[in-house]
>>> print(open('protein17.cif').read())   # mmCIF, C-alpha atoms
data_input
#
loop_
_atom_site.group_PDB
_atom_site.id
_atom_site.type_symbol
_atom_site.label_atom_id
_atom_site.label_comp_id
_atom_site.auth_asym_id
_atom_site.auth_seq_id
_atom_site.Cartn_x
_atom_site.Cartn_y
_atom_site.Cartn_z
ATOM 1 C CA MET A 139 0.000 0.000 0.000
ATOM 2 C CA ILE A 140 1.247 3.472 -0.895
ATOM 3 C CA ASP A 141 1.590 5.989 1.905
ATOM 4 C CA THR A 142 -0.479 8.884 0.550
ATOM 5 C CA SER A 143 -0.019 10.983 3.664
ATOM 6 C CA SER A 144 3.625 11.861 3.037
ATOM 7 C CA LYS A 145 4.284 15.303 1.587
ATOM 8 C CA ASN A 146 6.758 13.963 -0.979
ATOM 9 C CA THR A 147 4.364 11.229 -2.127
ATOM 10 C CA ARG A 148 1.632 13.796 -2.738
ATOM 11 C CA ARG A 149 4.109 15.936 -4.711
ATOM 12 C CA GLN A 150 5.110 12.928 -6.826
ATOM 13 C CA ARG A 151 1.453 12.186 -7.611
ATOM 14 C CA ARG A 152 0.978 15.791 -8.795
ATOM 15 C CA GLN A 153 4.168 15.460 -10.828
ATOM 16 C CA HIS A 154 2.967 12.313 -12.621
ATOM 17 C CA ARG A 155 -0.421 13.897 -13.360
ATOM 18 C CA ALA A 156 1.300 16.848 -15.029
ATOM 19 C CA ARG A 157 3.700 14.646 -17.012
ATOM 20 C CA ARG A 158 0.742 12.994 -18.741
ATOM 21 C CA ARG A 159 -0.101 16.358 -20.309
ATOM 22 C CA PHE A 160 3.281 17.465 -21.639
ATOM 23 C CA GLN A 161 6.533 15.981 -22.815
ATOM 24 C CA GLY A 162 9.890 17.395 -23.876
ATOM 25 C CA THR A 163 10.478 17.302 -27.635
ATOM 26 C CA PRO A 164 13.603 18.173 -29.635
ATOM 27 C CA GLN A 165 12.007 21.532 -30.548
ATOM 28 C CA ARG A 166 10.811 22.282 -26.986
ATOM 29 C CA PRO A 167 12.617 20.201 -24.362
ATOM 30 C CA ARG A 168 11.402 20.025 -20.792
ATOM 31 C CA LEU A 169 13.030 22.209 -18.105
ATOM 32 C CA ASN A 170 12.736 20.071 -14.989
ATOM 33 C CA VAL A 171 13.345 21.505 -11.507
ATOM 34 C CA PHE A 172 14.071 19.575 -8.313
ATOM 35 C CA ARG A 173 14.193 21.311 -4.947
ATOM 36 C CA SER A 174 15.816 19.777 -1.913
ATOM 37 C CA LEU A 175 16.324 21.272 1.503
ATOM 38 C CA ASN A 176 19.837 22.541 0.766
ATOM 39 C CA HIS A 177 20.109 22.679 -3.033
ATOM 40 C CA ILE A 178 18.173 23.255 -6.237
ATOM 41 C CA TYR A 179 18.692 21.373 -9.493
ATOM 42 C CA ALA A 180 17.583 22.079 -13.080
ATOM 43 C CA GLN A 181 17.786 19.919 -16.207
ATOM 44 C CA VAL A 182 16.782 20.438 -19.823
ATOM 45 C CA ILE A 183 15.517 17.052 -21.049
ATOM 46 C CA ASP A 184 14.540 15.748 -24.498
ATOM 47 C CA ASP A 185 12.038 13.008 -23.588
ATOM 48 C CA THR A 186 11.734 11.579 -27.110
ATOM 49 C CA ALA A 187 15.472 10.831 -27.285
ATOM 50 C CA GLY A 188 15.710 10.174 -23.541
ATOM 51 C CA ARG A 189 18.703 12.437 -22.982
ATOM 52 C CA THR A 190 19.627 15.394 -20.843
ATOM 53 C CA LEU A 191 20.772 18.366 -22.916
ATOM 54 C CA ALA A 192 21.903 20.619 -20.046
ATOM 55 C CA ALA A 193 22.043 20.343 -16.271
ATOM 56 C CA VAL A 194 22.963 22.751 -13.478
ATOM 57 C CA SER A 195 22.639 22.673 -9.718
ATOM 58 C CA SER A 196 23.604 24.857 -6.821
ATOM 59 C CA LYS A 197 26.200 22.163 -6.040
ATOM 60 C CA THR A 198 27.903 22.425 -9.443
ATOM 61 C CA LEU A 199 27.977 26.213 -9.163
ATOM 62 C CA ALA A 200 29.740 25.811 -5.784
ATOM 63 C CA LEU A 201 27.183 27.957 -3.982
ATOM 64 C CA ALA A 202 26.890 27.843 -0.227
ATOM 65 C CA PRO A 203 24.451 25.189 0.993
ATOM 66 C CA GLY A 204 21.061 26.386 2.076
ATOM 67 C CA GLY A 205 17.947 26.777 -0.001
ATOM 68 C CA THR A 206 18.121 30.452 -0.876
ATOM 69 C CA LEU A 207 16.494 32.611 -3.511
ATOM 70 C CA ALA A 208 19.931 33.809 -4.612
ATOM 71 C CA ALA A 209 20.992 30.236 -5.356
ATOM 72 C CA ALA A 210 17.794 29.625 -7.334
ATOM 73 C CA LYS A 211 18.375 32.766 -9.400
ATOM 74 C CA ALA A 212 21.983 31.734 -10.122
ATOM 75 C CA VAL A 213 20.857 28.264 -11.213
ATOM 76 C CA GLY A 214 18.139 29.783 -13.436
ATOM 77 C CA GLN A 215 20.677 32.064 -15.109
ATOM 78 C CA ALA A 216 23.151 29.202 -15.587
ATOM 79 C CA ILE A 217 20.599 26.727 -16.995
ATOM 80 C CA ALA A 218 19.469 29.319 -19.543
ATOM 81 C CA ASP A 219 23.072 29.899 -20.632
ATOM 82 C CA ARG A 220 23.811 26.171 -20.938
ATOM 83 C CA ALA A 221 20.543 25.528 -22.767
ATOM 84 C CA ARG A 222 21.340 28.231 -25.323
ATOM 85 C CA GLN A 223 24.819 26.706 -25.784
ATOM 86 C CA ALA A 224 23.076 23.397 -26.535
ATOM 87 C CA GLY A 225 20.929 25.148 -29.148
ATOM 88 C CA VAL A 226 17.723 25.366 -27.114
ATOM 89 C CA GLU A 227 15.705 28.581 -27.244
ATOM 90 C CA ALA A 228 12.277 27.484 -25.946
ATOM 91 C CA VAL A 229 11.351 24.941 -23.254
ATOM 92 C CA VAL A 230 8.344 23.506 -21.441
ATOM 93 C CA PHE A 231 8.594 24.316 -17.724
ATOM 94 C CA ASP A 232 8.150 21.299 -15.442
ATOM 95 C CA ARG A 233 7.869 22.389 -11.823
ATOM 96 C CA ALA A 234 7.670 18.715 -10.741
ATOM 97 C CA GLY A 235 4.657 19.104 -8.486
ATOM 98 C CA TYR A 236 6.091 22.021 -6.522
ATOM 99 C CA VAL A 237 4.052 25.164 -5.988
ATOM 100 C CA TYR A 238 5.083 27.966 -8.381
ATOM 101 C CA HIS A 239 6.345 30.126 -5.545
ATOM 102 C CA GLY A 240 9.590 31.061 -3.839
ATOM 103 C CA ARG A 241 12.679 29.280 -5.195
ATOM 104 C CA ILE A 242 10.827 27.659 -8.112
ATOM 105 C CA LYS A 243 9.488 31.033 -9.262
ATOM 106 C CA ALA A 244 12.889 32.698 -8.768
ATOM 107 C CA LEU A 245 14.571 30.058 -10.941
ATOM 108 C CA ALA A 246 11.921 30.408 -13.667
ATOM 109 C CA ASP A 247 12.093 34.214 -13.669
ATOM 110 C CA ALA A 248 15.904 34.197 -13.862
ATOM 111 C CA ALA A 249 15.829 31.719 -16.762
ATOM 112 C CA ARG A 250 13.308 33.912 -18.605
ATOM 113 C CA GLU A 251 15.403 37.030 -18.027
ATOM 114 C CA ALA A 252 18.454 35.177 -19.403
ATOM 115 C CA GLY A 253 16.604 34.555 -22.677
ATOM 116 C CA LEU A 254 14.897 31.166 -22.316
ATOM 117 C CA LYS A 255 11.326 31.188 -23.625
ATOM 118 C CA PHE A 256 8.499 29.368 -21.819
#
>>> encode(input="protein17.cif", output="structure tokens")
Amino acid sequence: MIDTSSKNTRRQRRQHRARRRFQGTPQRPRLNVFRSLNHIYAQVIDDTAGRTLAAVSSKTLALAPGGTLAAAKAVGQAIADRARQAGVEAVVFDRAGYVYHGRIKALADAAREAGLKF
């Protein structure tokens, strides 16, 4: 039996519901975001080929641990730069069941300001 009371399990159920509606294509790959307590991660994924085109995290940028808005903005800026280097201009934003608020919103806004379209 699945424990439906856990916060992470409920988030994963929302995530799977959303993934039924959209998928990353070569023209518009999926920008996936994962938020942990201390770090934030972003990947640009082509689901049809099953490969990651660009990936950045607050760990790879050597930012201080701690889930901060500044770290999310830096990751958003960096993922947009790496996506454009990989030839990606437009993406589908996948917030992975998280509320579009706080660090998730900061990452998305920074990626948009850096030139990524979604």
>>> closest_residue(input="protein17.cif", among="A:Val230, A:Thr142, A:Ile183, A:Ala248", to="Arg159 in chain A", atoms="all atoms listed in the file")
A:Val230
>>> residues_around(input="protein17.cif", residues="Gln215 in chain A", least_positions_apart="4", cutoff="10 Å", atoms="all atoms listed in the file", output="list in words")
Val194, Ala209, Ala210, Lys211, Asp219, Arg220, Leu245, Ala246, Asp247, Ala248, Ala249, Arg250, Glu251, Ala252, Gly253 and Leu254 of chain A
>>> atom_distance(input="protein17.cif", atom1="CA of Ala228 in chain A", atom2="CA of Ala202 in chain A")
29.6 Å
>>> atom_distance(input="protein17.cif", atom1="CA of Ile178 in chain A", atom2="CA of Gln161 in chain A")
21.5 Å
>>> resolve_selection(input="protein17.cif", expression="the PyMOL selection byres ((chain A and resi 162) around 9)", output="PyMOL selection string")
chain A and resi 160-161+163-169+182-186+229-230
>>> closest_residue(input="protein17.cif", among="A:Arg158, A:Ala192, A:Gly240, A:Arg149", to="Gly205 in chain A", atoms="only C-alpha atoms")
A:Gly240
